[in-house]
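coords.tsv (TSV, C-alpha atoms and all ligand atoms)
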```
chain	number	residue	atom	x	y	z
A	69	MET	CA	-13.31	-2.33	26.68
A	70	SER	CA	-16.61	-0.92	27.87
A	71	ARG	CA	-19.63	-3.12	28.51
A	72	PHE	CA	-21.28	-1.41	25.52
A	73	LEU	CA	-18.90	-2.63	22.82
A	74	ASP	CA	-20.77	-4.79	20.36
A	75	GLU	CA	-20.14	-8.49	20.78
A	76	SER	CA	-18.95	-8.77	17.19
A	77	LEU	CA	-16.07	-6.41	17.96
A	78	GLN	CA	-14.97	-7.81	21.29
A	79	SER	CA	-12.32	-10.10	19.85
A	80	ILE	CA	-11.18	-7.92	16.95
A	81	VAL	CA	-7.43	-7.31	16.73
A	82	PRO	CA	-7.13	-3.83	15.19
A	83	TYR	CA	-4.45	-3.00	12.63
A	84	THR	CA	-1.21	-1.72	14.18
A	85	PRO	CA	0.12	1.19	12.11
A	86	GLY	CA	3.90	1.75	11.98
A	87	GLU	CA	5.29	4.18	14.53
A	88	GLN	CA	4.83	7.85	13.64
A	89	PRO	CA	7.08	9.73	16.08
A	90	GLN	CA	6.22	13.42	15.97
A	91	ASP	CA	9.63	14.73	16.97
A	92	MET	CA	11.41	14.08	13.62
A	93	GLN	CA	14.39	12.73	15.56
A	94	TYR	CA	14.57	9.50	13.58
A	95	ILE	CA	15.67	8.48	10.14
A	96	LYS	CA	12.28	7.10	9.29
A	97	LEU	CA	12.40	3.97	7.17
A	98	ASN	CA	9.42	2.14	8.67
A	99	THR	CA	6.19	3.02	6.84
A	100	ASN	CA	7.12	3.17	3.15
A	101	GLU	CA	6.55	6.89	2.76
A	102	SER	CA	8.44	8.83	0.12
A	103	PRO	CA	11.64	10.55	1.27
A	104	TYR	CA	10.82	13.38	-1.14
A	105	ALA	CA	8.50	16.39	-0.78
A	106	PRO	CA	5.23	16.66	-2.73
A	107	SER	CA	5.42	18.17	-6.21
A	108	GLN	CA	5.89	21.96	-6.35
A	109	LYS	CA	2.61	22.06	-8.30
A	110	VAL	CA	0.83	20.59	-5.28
A	111	LEU	CA	2.43	23.17	-2.98
A	112	ASP	CA	1.48	26.04	-5.32
A	113	ALA	CA	-2.14	24.88	-5.64
A	114	LEU	CA	-2.70	24.65	-1.89
A	115	ASN	CA	-2.90	28.41	-1.49
A	116	CYS	CA	-4.74	30.76	0.87
A	117	ASP	CA	-7.79	30.94	-1.39
A	118	GLU	CA	-8.28	27.21	-1.11
A	119	VAL	CA	-7.76	27.29	2.65
A	120	GLN	CA	-10.44	30.01	2.88
A	121	LYS	CA	-12.85	27.66	1.15
A	122	LEU	CA	-12.54	25.12	3.96
A	123	ARG	CA	-15.77	26.53	5.40
A	124	LEU	CA	-17.52	24.72	2.52
A	125	TYR	CA	-17.89	20.96	2.19
A	126	SER	CA	-15.71	19.22	-0.34
A	127	ASP	CA	-17.09	17.98	-3.67
A	128	PRO	CA	-18.79	14.64	-2.91
A	129	THR	CA	-18.14	13.53	-6.50
A	130	THR	CA	-14.37	14.32	-6.19
A	131	LYS	CA	-14.67	15.30	-9.86
A	132	VAL	CA	-11.39	17.20	-10.32
A	133	LEU	CA	-9.44	14.35	-8.79
A	134	ASP	CA	-11.28	11.53	-10.59
A	135	GLN	CA	-10.86	13.34	-13.92
A	136	ALA	CA	-7.11	13.74	-13.40
A	137	ILE	CA	-6.81	10.04	-12.54
A	138	ALA	CA	-8.99	9.04	-15.50
A	139	ASN	CA	-6.85	11.17	-17.89
A	140	TYR	CA	-3.68	9.64	-16.54
A	141	TYR	CA	-4.94	6.09	-17.07
A	142	ASN	CA	-6.92	6.76	-20.21
A	143	VAL	CA	-10.20	5.54	-18.71
A	144	LYS	CA	-13.53	7.34	-18.17
A	145	THR	CA	-14.25	9.31	-15.00
A	146	ASN	CA	-17.04	6.80	-14.32
A	147	ASN	CA	-14.38	4.13	-13.99
A	148	VAL	CA	-12.77	5.87	-11.00
A	149	ILE	CA	-13.62	6.33	-7.33
A	150	SER	CA	-11.40	8.24	-4.90
A	151	GLY	CA	-11.10	7.78	-1.19
A	152	ASN	CA	-9.57	8.93	2.04
A	153	GLY	CA	-6.46	6.85	1.48
A	154	SER	CA	-6.62	3.50	-0.26
A	155	ASP	CA	-7.46	1.96	3.11
A	156	GLU	CA	-10.90	3.53	2.81
A	157	ILE	CA	-11.31	2.24	-0.76
A	158	LEU	CA	-10.33	-1.23	0.46
A	159	ALA	CA	-12.92	-0.97	3.23
A	160	PHE	CA	-15.58	-0.08	0.61
A	161	ILE	CA	-14.55	-3.12	-1.44
A	162	PHE	CA	-14.71	-5.56	1.48
A	163	LYS	CA	-18.10	-4.14	2.48
A	164	ALA	CA	-19.51	-4.09	-1.07
A	165	PHE	CA	-18.54	-7.53	-2.34
A	166	CYS	CA	-17.83	-9.87	0.56
A	167	GLY	CA	-21.05	-10.25	2.53
A	168	LYS	CA	-21.84	-13.79	1.35
A	169	LYS	CA	-18.63	-14.48	-0.52
A	170	GLY	CA	-15.50	-14.51	1.60
A	171	MET	CA	-12.11	-13.11	0.70
A	172	ALA	CA	-8.91	-15.03	-0.03
A	173	PHE	CA	-5.39	-13.60	0.18
A	174	PRO	CA	-1.80	-14.76	0.75
A	175	ASP	CA	-0.66	-15.70	4.26
A	176	VAL	CA	1.97	-12.96	4.10
A	177	THR	CA	0.52	-9.69	2.81
A	178	TYR	CA	-0.98	-6.37	3.93
A	179	GLY	CA	-2.08	-6.77	7.55
A	180	PHE	CA	-5.26	-4.76	7.09
A	181	TYR	CA	-7.02	-7.43	4.98
A	182	PRO	CA	-7.86	-9.76	7.90
A	183	VAL	CA	-8.81	-6.75	10.02
A	184	PHE	CA	-11.42	-5.61	7.47
A	185	CYS	CA	-12.76	-9.17	7.46
A	186	GLN	CA	-13.10	-9.18	11.24
A	187	LEU	CA	-14.67	-5.71	11.24
A	188	PHE	CA	-17.29	-6.60	8.62
A	189	GLY	CA	-17.83	-10.21	9.70
A	190	ILE	CA	-16.38	-11.64	6.48
A	191	LYS	CA	-15.01	-15.18	6.32
A	192	TYR	CA	-11.48	-15.33	4.94
A	193	ASN	CA	-9.04	-17.82	3.70
A	194	THR	CA	-5.25	-17.40	3.58
A	195	VAL	CA	-3.19	-19.10	0.89
A	196	PRO	CA	0.46	-19.79	1.77
A	197	LEU	CA	3.20	-18.19	-0.32
A	198	ASP	CA	5.69	-20.76	-1.61
A	199	GLN	CA	9.03	-21.35	0.12
A	200	ASN	CA	10.57	-18.42	-1.79
A	201	PHE	CA	7.78	-16.11	-0.55
A	202	CYS	CA	6.21	-16.00	-4.04
A	203	ILE	CA	2.52	-16.21	-4.97
A	204	ASP	CA	1.58	-19.15	-7.21
A	205	VAL	CA	-1.60	-18.09	-9.02
A	206	ASN	CA	-2.53	-21.75	-9.58
A	207	ASP	CA	-3.18	-21.98	-5.84
A	208	TYR	CA	-6.22	-19.70	-6.41
A	209	LYS	CA	-7.86	-21.54	-9.28
A	210	ASP	CA	-10.35	-23.53	-7.19
A	211	ILE	CA	-11.22	-20.69	-4.83
A	212	ASN	CA	-14.76	-19.33	-5.10
A	213	ASP	CA	-14.22	-16.49	-2.63
A	214	ASN	CA	-13.20	-13.09	-3.91
A	215	VAL	CA	-9.42	-12.66	-4.08
A	216	ILE	CA	-7.22	-9.73	-3.07
A	217	ILE	CA	-3.55	-9.60	-4.03
A	218	ALA	CA	-1.16	-6.78	-3.29
A	219	ASN	CA	1.09	-6.43	-6.33
A	220	PRO	CA	3.97	-6.01	-5.55
A	221	ASN	CA	3.07	-7.95	-2.45
A	222	ALA	CA	3.14	-6.08	0.83
A	223	GLN	CA	5.96	-7.07	3.16
A	224	THR	CA	7.89	-9.07	0.51
A	225	GLY	CA	7.96	-6.59	-2.43
A	226	ILE	CA	7.85	-9.54	-4.85
A	227	CYS	CA	5.57	-8.99	-7.86
A	228	LEU	CA	3.46	-10.95	-10.33
A	229	ASP	CA	3.55	-10.08	-14.03
A	230	LEU	CA	0.49	-9.02	-15.99
A	231	ASP	CA	-0.06	-12.48	-17.52
A	232	GLN	CA	-0.27	-13.99	-14.05
A	233	ILE	CA	-2.77	-11.32	-12.96
A	234	GLU	CA	-4.87	-11.96	-16.07
A	235	GLN	CA	-4.80	-15.68	-15.31
A	236	LEU	CA	-6.10	-14.96	-11.81
A	237	VAL	CA	-8.92	-12.80	-13.18
A	238	CYS	CA	-9.91	-15.40	-15.82
A	239	GLN	CA	-9.79	-18.44	-13.53
A	240	ASN	CA	-13.26	-17.68	-12.21
A	241	LYS	CA	-15.36	-14.83	-13.59
A	242	ASP	CA	-17.86	-15.21	-10.72
A	243	ARG	CA	-15.55	-13.75	-8.13
A	244	VAL	CA	-14.10	-10.25	-7.81
A	245	VAL	CA	-10.32	-10.02	-8.05
A	246	VAL	CA	-8.81	-6.98	-6.35
A	247	ILE	CA	-5.26	-5.96	-7.19
A	248	ASP	CA	-3.87	-3.60	-4.58
A	249	GLU	CA	-1.16	-1.65	-6.41
A	250	ALA	CA	0.09	0.49	-3.54
A	251	TYR	CA	3.70	-0.16	-4.68
A	252	VAL	CA	3.26	-0.68	-8.42
A	253	ASP	CA	5.06	2.47	-9.55
A	254	PHE	CA	8.45	1.28	-8.35
A	255	GLY	CA	8.96	-1.34	-11.04
A	256	ALA	CA	5.88	-3.56	-11.52
A	257	GLN	CA	3.21	-3.36	-14.23
A	258	THR	CA	-0.21	-1.92	-13.53
A	259	ALA	CA	-3.31	-4.01	-14.24
A	260	VAL	CA	-5.45	-0.92	-14.94
A	261	PRO	CA	-5.65	-1.66	-18.71
A	262	LEU	CA	-7.18	-5.06	-17.88
A	263	THR	CA	-10.14	-3.31	-16.20
A	264	LYS	CA	-11.40	-2.44	-19.72
A	265	LYS	CA	-11.49	-6.14	-20.58
A	266	TYR	CA	-12.79	-7.75	-17.39
A	267	ASN	CA	-15.80	-6.77	-15.29
A	268	ASN	CA	-14.63	-8.73	-12.23
A	269	LEU	CA	-11.40	-6.79	-11.68
A	270	VAL	CA	-10.80	-3.82	-9.37
A	271	VAL	CA	-7.40	-2.11	-9.25
A	272	VAL	CA	-6.63	-0.05	-6.16
A	273	GLN	CA	-3.85	2.53	-5.88
A	274	THR	CA	-2.63	5.08	-3.39
A	275	MET	CA	-0.92	8.47	-3.61
A	276	SER	CA	0.84	7.77	-0.30
A	277	LYS	CA	3.98	6.17	-1.72
A	278	SER	CA	4.95	7.19	-5.26
A	279	ARG	CA	3.18	10.58	-5.20
A	280	GLN	CA	4.45	11.86	-1.86
A	281	LEU	CA	1.01	12.38	-0.29
A	282	ALA	CA	0.77	9.92	2.63
A	283	GLY	CA	-0.41	12.67	4.97
A	284	ALA	CA	-3.08	13.91	2.54
A	285	ARG	CA	-4.77	10.48	2.48
A	286	VAL	CA	-5.63	9.98	-1.16
A	287	GLY	CA	-6.36	6.59	-2.72
A	288	PHE	CA	-8.48	5.41	-5.63
A	289	ALA	CA	-9.84	2.44	-7.53
A	290	VAL	CA	-10.28	1.83	-11.25
A	291	ALA	CA	-12.79	-0.74	-12.53
A	292	CYS	CA	-15.77	-1.13	-14.87
A	293	GLU	CA	-18.58	1.34	-14.23
A	294	GLN	CA	-20.88	-1.18	-12.49
A	295	LEU	CA	-18.26	-2.14	-9.91
A	296	ILE	CA	-17.41	1.54	-9.31
A	297	ASN	CA	-21.12	2.30	-8.82
A	298	ASP	CA	-21.29	-0.47	-6.21
A	299	LEU	CA	-18.40	1.16	-4.35
A	300	LYS	CA	-20.14	4.53	-4.62
A	301	THR	CA	-23.22	2.96	-3.03
A	302	VAL	CA	-21.07	2.14	0.01
A	303	LYS	CA	-19.37	5.55	-0.01
A	304	PHE	CA	-22.64	7.49	-0.15
A	305	SER	CA	-24.05	5.31	2.60
A	306	PHE	CA	-21.09	6.02	4.83
A	307	ASN	CA	-19.22	9.30	4.18
A	308	PRO	CA	-20.20	11.29	1.06
A	309	TYR	CA	-17.53	13.99	1.61
A	310	ASN	CA	-14.83	11.38	2.06
A	311	VAL	CA	-11.95	13.30	0.46
A	312	ASN	CA	-11.32	16.76	1.91
A	313	ARG	CA	-11.02	19.90	-0.25
A	314	LEU	CA	-7.23	20.24	0.02
A	315	SER	CA	-6.59	16.57	-0.69
A	316	ILE	CA	-8.75	16.65	-3.82
A	317	ILE	CA	-6.53	19.45	-5.15
A	318	ALA	CA	-3.29	17.88	-3.95
A	319	GLY	CA	-4.13	14.51	-5.53
A	320	ALA	CA	-5.15	16.03	-8.85
A	321	GLU	CA	-1.98	18.16	-9.08
A	322	ALA	CA	0.25	15.26	-8.04
A	323	ILE	CA	-1.07	12.95	-10.75
A	324	LYS	CA	-0.79	15.70	-13.38
A	325	ASP	CA	2.90	16.33	-12.60
A	326	TYR	CA	4.22	13.31	-14.46
A	327	ASP	CA	7.84	14.52	-14.71
A	328	TYR	CA	8.26	14.94	-10.98
A	329	PHE	CA	6.55	11.61	-10.28
A	330	GLU	CA	8.81	9.80	-12.72
A	331	ASP	CA	11.92	11.49	-11.41
A	332	CYS	CA	11.10	10.45	-7.81
A	333	CYS	CA	10.24	6.87	-8.81
A	334	LEU	CA	13.52	6.49	-10.73
A	335	LYS	CA	15.53	7.89	-7.83
A	336	ILE	CA	13.86	5.40	-5.47
A	337	GLN	CA	14.58	2.50	-7.81
A	338	ASP	CA	18.26	3.55	-7.97
A	339	SER	CA	18.39	3.89	-4.20
A	340	ARG	CA	16.77	0.46	-3.83
A	341	LYS	CA	19.71	-1.05	-5.73
A	342	TYR	CA	22.13	0.79	-3.49
A	343	LEU	CA	20.26	-0.39	-0.36
A	344	VAL	CA	20.24	-4.02	-1.54
A	345	ASN	CA	23.99	-3.85	-2.29
A	346	CYS	CA	24.76	-2.40	1.15
A	347	LEU	CA	22.64	-5.01	2.93
A	348	GLU	CA	24.05	-7.94	0.96
A	349	HIS	CA	27.56	-6.67	1.59
A	350	LEU	CA	26.76	-6.82	5.33
A	351	GLY	CA	25.59	-10.45	5.02
A	352	PHE	CA	21.82	-9.88	4.86
A	353	GLU	CA	19.57	-12.00	2.68
A	354	VAL	CA	17.27	-9.62	0.77
A	355	LEU	CA	14.09	-10.68	-1.04
A	356	PRO	CA	13.87	-9.41	-4.66
A	357	SER	CA	11.72	-6.30	-4.27
A	358	LYS	CA	9.98	-4.16	-6.89
A	359	ALA	CA	8.56	-1.90	-4.16
A	360	ASN	CA	9.92	1.08	-2.21
A	361	PHE	CA	10.99	-1.24	0.60
A	362	VAL	CA	12.97	-4.42	1.04
A	363	LEU	CA	12.53	-7.35	3.40
A	364	ALA	CA	15.87	-8.54	4.79
A	365	ARG	CA	17.20	-10.94	7.40
A	366	HIS	CA	20.58	-11.74	8.91
A	367	GLU	CA	21.41	-15.19	10.15
A	368	LYS	CA	23.26	-13.83	13.17
A	369	MET	CA	20.56	-11.49	14.49
A	370	SER	CA	16.81	-11.77	14.90
A	371	GLY	CA	14.49	-9.27	13.22
A	372	GLU	CA	13.54	-7.95	16.66
A	373	GLN	CA	17.22	-7.36	17.56
A	374	VAL	CA	17.97	-5.53	14.31
A	375	TYR	CA	14.86	-3.37	14.75
A	376	SER	CA	15.49	-2.45	18.38
A	377	GLN	CA	19.20	-1.79	18.01
A	378	LEU	CA	18.62	0.44	15.01
A	379	LYS	CA	15.91	2.29	16.94
A	380	GLN	CA	18.30	2.94	19.83
A	381	LYS	CA	20.61	4.55	17.28
A	382	GLY	CA	17.89	6.74	15.78
A	383	ILE	CA	16.82	4.68	12.77
A	384	LEU	CA	13.29	3.31	12.53
A	385	VAL	CA	12.61	0.23	10.43
A	386	ARG	CA	9.63	-2.14	10.69
A	387	HIS	CA	9.64	-5.47	12.44
A	388	LEU	CA	6.52	-7.49	11.63
A	389	LYS	CA	5.55	-10.25	13.97
A	390	ASP	CA	3.88	-12.61	11.45
A	391	GLN	CA	5.30	-16.06	12.02
A	392	ARG	CA	6.81	-16.52	8.54
A	393	ILE	CA	8.64	-13.22	8.43
A	394	LYS	CA	9.47	-12.58	12.05
A	395	ASN	CA	13.19	-13.01	11.39
A	396	PHE	CA	13.12	-10.21	8.85
A	397	VAL	CA	13.00	-6.44	9.04
A	398	ARG	CA	11.26	-4.33	6.42
A	399	ILE	CA	13.26	-1.29	5.39
A	400	THR	CA	11.80	1.57	3.37
A	401	VAL	CA	14.00	2.87	0.56
A	402	GLY	CA	15.12	6.32	1.70
A	403	THR	CA	17.57	8.76	0.13
A	404	ASN	CA	21.12	7.55	-0.59
A	405	GLU	CA	22.28	9.66	2.34
A	406	GLN	CA	19.88	7.89	4.70
A	407	ILE	CA	20.90	4.49	3.32
A	408	LYS	CA	24.57	5.33	3.86
A	409	THR	CA	23.87	6.14	7.52
A	410	LEU	CA	21.81	2.95	7.87
A	411	ALA	CA	24.61	0.81	6.39
A	412	TYR	CA	27.23	2.42	8.61
A	413	THR	CA	25.04	1.94	11.70
A	414	LEU	CA	24.25	-1.68	10.82
A	415	ALA	CA	27.96	-2.39	10.32
A	416	GLY	CA	28.58	-1.09	13.87
A	417	ILE	CA	25.73	-3.17	15.30
A	418	LEU	CA	26.94	-6.33	13.57
A	419	ALA	CA	30.54	-5.71	14.73
A	420	GLY	CA	29.24	-5.33	18.29
A	421	ALA	CA	27.35	-8.61	17.93
A	422	ASN	CA	30.69	-10.25	16.95
A	423	VAL	CA	29.34	-11.39	13.64
A	501	LIG	C1	-0.52	-2.97	0.25
A	501	LIG	C2	-1.06	-1.71	0.83
A	501	LIG	N1	-2.29	-1.32	0.48
A	501	LIG	C3	-2.84	-0.20	0.97
A	501	LIG	C4	-2.14	0.60	1.86
A	501	LIG	C5	-2.82	1.82	2.42
A	501	LIG	O1	-2.34	2.98	1.88
A	501	LIG	P1	-3.07	4.37	2.11
A	501	LIG	O2	-4.26	4.14	2.99
A	501	LIG	O3	-2.04	5.25	2.70
A	501	LIG	O4	-3.48	4.82	0.74
A	501	LIG	C6	-0.86	0.24	2.26
A	501	LIG	C7	-0.13	1.07	3.22
A	501	LIG	O5	0.96	0.86	3.61
A	501	LIG	C8	-0.31	-0.96	1.73
A	501	LIG	O6	0.90	-1.37	2.10
```

Would you mind writing the file's structure down as structure tokens?
Amino acid sequence: MSRFLDESLQSIVPYTPGEQPQDMQYIKLNTNESPYAPSQKVLDALNCDEVQKLRLYSDPTTKVLDQAIANYYNVKTNNVISGNGSDEILAFIFKAFCGKKGMAFPDVTYGFYPVFCQLFGIKYNTVPLDQNFCIDVNDYKDINDNVIIANPNAQTGICLDLDQIEQLVCQNKDRVVVIDEAYVDFGAQTAVPLTKKYNNLVVVQTMSKSRQLAGARVGFAVACEQLINDLKTVKFSFNPYNVNRLSIIAGAEAIKDYDYFEDCCLKIQDSRKYLVNCLEHLGFEVLPSKANFVLARHEKMSGEQVYSQLKQKGILVRHLKDQRIKNFVRITVGTNEQIKTLAYTLAGILAGANV
């Protein structure tokens, strides 16, 4: 730390992203990316002509992308804002709505939420999940702070249904409820239709998981026009050209290619079943996930041991150090081939541990 770092940042604990080894030597099941390539339509659209145009700034209104998202969700373009990954959209939300009001979220969830709060000087409040790692929406009814819920929840994969989300939104119309749907396409229900009914709801999504574009960094939010305008105020006060030219095209093409999207999502849901079966067969306890990952633990080995022994054998999974889940590992749903190798490797590790 230099002596120039602002006092407000001196104790910040930045977000730790999952490992991104550049050598492609690992079976990579640690950051919930898709095991499949982007849609062929995305690849075709990213042609030389578009690369030539990189000398020009991107469209600050991200019109082509916002229109494609709006068509997909049957909302107006004015109900959409796009960002450089959903992390950027989340940052806009924390900045826009949480100056005076704090933010509340579950004690086990996406690790970036408390980091945004520290960065922007926002007070926050964590609400414990129950003993089965589920969210009880009644726990939020007396909270005046804004609320952010990842649905399915990050780290656990457990989801709320739409009635529970609506309950959360209706409990207190004087707070903003943010539903972070990074993993919604793998089996949960989107709350986007509720944004037409409630003006205190923002739904955030990403193209990093179900649309194979993690490296392009495309995320978006859907909400009533006033809330979207508030987010645009932050965007245009920070980085007007926030989505680059190629990512605008890639995102628009990805959301238009419904057949490919659906095919990939169904394959991942099938593979998730296969992964859960393999893990349970090996004696793991697996939380009921509707996401493209599962959280699993084994009574004979710590999460840290499972993670490091798999890494030694060329398989990367995620070990999160949060107190309540430190005995677990989080495993991204890969292809069946990758899962087969994982299961075989885990069987060897467990045999070696004399389990
Ligand atoms: C719950 C949740 N929200 C948001 C994100 C950020 O996604 P991105 O910035 O890639 O769109 C992630 C990434 O893993 C996540 O797990």

Please identify all polymer residues within 7 Å of segment 222-232 of chain A, counting only C-alpha atoms, omitting same-chain residues fewer than 2 positions from it, and present them as a list of chain:residue names. A:Thr177, A:Tyr178, A:Cys202, A:Val205, A:Ala218, A:Asn219, A:Pro220, A:Glu234, A:Gln235, A:Leu236, A:Ala256, A:Gln257, A:Ala259, A:Leu355, A:Pro356, A:Ser357, A:Lys358, A:Ala359, A:Phe361, A:Val362, A:Leu363, A:Arg398

Please check which protein, DNA or RNA residues sit within 6 Å of ligand LIG 501 (chain A), counting all atoms listed in the file, and write them as a PDB file with C-alpha atoms, in the coordinates of the input.
```
ATOM      1  CA  GLY A 153      -6.460   6.850   1.480  1.00  0.00           C
ATOM      2  CA  SER A 154      -6.620   3.500  -0.260  1.00  0.00           C
ATOM      3  CA  ASP A 155      -7.460   1.960   3.110  1.00  0.00           C
ATOM      4  CA  TYR A 178      -0.980  -6.370   3.930  1.00  0.00           C
ATOM      5  CA  ALA A 218      -1.160  -6.780  -3.290  1.00  0.00           C
ATOM      6  CA  ALA A 222       3.140  -6.080   0.830  1.00  0.00           C
ATOM      7  CA  ASP A 248      -3.870  -3.600  -4.580  1.00  0.00           C
ATOM      8  CA  ALA A 250       0.090   0.490  -3.540  1.00  0.00           C
ATOM      9  CA  THR A 274      -2.630   5.080  -3.390  1.00  0.00           C
ATOM     10  CA  SER A 276       0.840   7.770  -0.300  1.00  0.00           C
ATOM     11  CA  ALA A 282       0.770   9.920   2.630  1.00  0.00           C
ATOM     12  CA  ARG A 285      -4.770  10.480   2.480  1.00  0.00           C
ATOM     13  CA  VAL A 286      -5.630   9.980  -1.160  1.00  0.00           C
ATOM     14  CA  GLY A 287      -6.360   6.590  -2.720  1.00  0.00           C
TER      15      GLY A 287
END
```

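Within 7 Å of segment 375-392 of chain A, once all atoms listed in the file are used and residues closer than 3 positions along the same chain are dropped, the contacting residues are Gln93, Tyr94, Ile95, Lys96, Leu97, Asn98, Gly371, Glu372, Phe396, Val397, Arg398 and Ile399 of chain A.
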
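Proximity to Gly402 of chain A was assessed for A:Asp298, A:Glu101, A:Asp210, A:Asp331 counting only C-alpha atoms; the smallest distance is recorded for A:Glu101.
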
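Nearest-residue note for Phe352 of chain A: choosing from A:Glu405, A:Val311, A:Leu414, A:Asp327, the minimum distance belongs to A:Leu414, counting all atoms listed in the file.
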
Counting all atoms listed in the file, I want the residues whose atoms come within 7 Å of (-10.9, 16.6, -3.9) in the file frame, returned as a PyMOL selection string. chain A and resi 126-127+130+132-133+311-317

Take the residues from that selection and write them out as a PDB file, in the coordinates of the input, keeping C-alpha atoms.
```pdb
ATOM      1  CA  SER A 126     -15.710  19.220  -0.340  1.00  0.00           C
ATOM      2  CA  ASP A 127     -17.090  17.980  -3.670  1.00  0.00           C
ATOM      3  CA  THR A 130     -14.370  14.320  -6.190  1.00  0.00           C
ATOM      4  CA  VAL A 132     -11.390  17.200 -10.320  1.00  0.00           C
ATOM      5  CA  LEU A 133      -9.440  14.350  -8.790  1.00  0.00           C
ATOM      6  CA  VAL A 311     -11.950  13.300   0.460  1.00  0.00           C
ATOM      7  CA  ASN A 312     -11.320  16.760   1.910  1.00  0.00           C
ATOM      8  CA  ARG A 313     -11.020  19.900  -0.250  1.00  0.00           C
ATOM      9  CA  LEU A 314      -7.230  20.240   0.020  1.00  0.00           C
ATOM     10  CA  SER A 315      -6.590  16.570  -0.690  1.00  0.00           C
ATOM     11  CA  ILE A 316      -8.750  16.650  -3.820  1.00  0.00           C
ATOM     12  CA  ILE A 317      -6.530  19.450  -5.150  1.00  0.00           C
TER      13      ILE A 317
END
```

Please write N, CA and C atoms of segment 221-232 of chain A, from the structure given just now, as a compact mmCIF listing (two decimals), in the first residue's frame.
```txt
# COMPACT_ATOMS: atom_id res chain seq x y z
N ASN A 221 -29.22 -18.89 -5.36
CA ASN A 221 -28.20 -18.23 -4.56
C ASN A 221 -26.80 -18.67 -4.99
N ALA A 222 -25.88 -17.71 -4.97
CA ALA A 222 -24.49 -18.03 -5.26
C ALA A 222 -23.97 -18.94 -4.15
N GLN A 223 -23.10 -19.78 -4.51
CA GLN A 223 -22.42 -20.76 -3.64
C GLN A 223 -23.31 -21.95 -3.30
N THR A 224 -24.62 -21.75 -3.00
CA THR A 224 -25.44 -22.92 -2.65
C THR A 224 -26.18 -23.48 -3.88
N GLY A 225 -26.61 -22.61 -4.80
CA GLY A 225 -27.40 -23.05 -5.96
C GLY A 225 -28.88 -23.23 -5.63
N ILE A 226 -29.25 -23.01 -4.36
CA ILE A 226 -30.65 -23.20 -3.95
C ILE A 226 -31.47 -21.98 -4.39
N CYS A 227 -32.71 -22.23 -4.90
CA CYS A 227 -33.47 -21.07 -5.40
C CYS A 227 -34.78 -20.83 -4.66
N LEU A 228 -35.25 -19.60 -4.78
CA LEU A 228 -36.58 -19.20 -4.30
C LEU A 228 -37.53 -19.30 -5.49
N ASP A 229 -38.85 -19.51 -5.21
CA ASP A 229 -39.78 -19.46 -6.34
C ASP A 229 -40.32 -18.02 -6.49
N LEU A 230 -41.08 -17.83 -7.56
CA LEU A 230 -41.49 -16.47 -7.90
C LEU A 230 -42.41 -15.85 -6.84
N ASP A 231 -43.22 -16.69 -6.19
CA ASP A 231 -44.09 -16.16 -5.12
C ASP A 231 -43.26 -15.59 -3.97
N GLN A 232 -42.19 -16.29 -3.66
CA GLN A 232 -41.33 -15.82 -2.56
C GLN A 232 -40.64 -14.50 -2.94
```
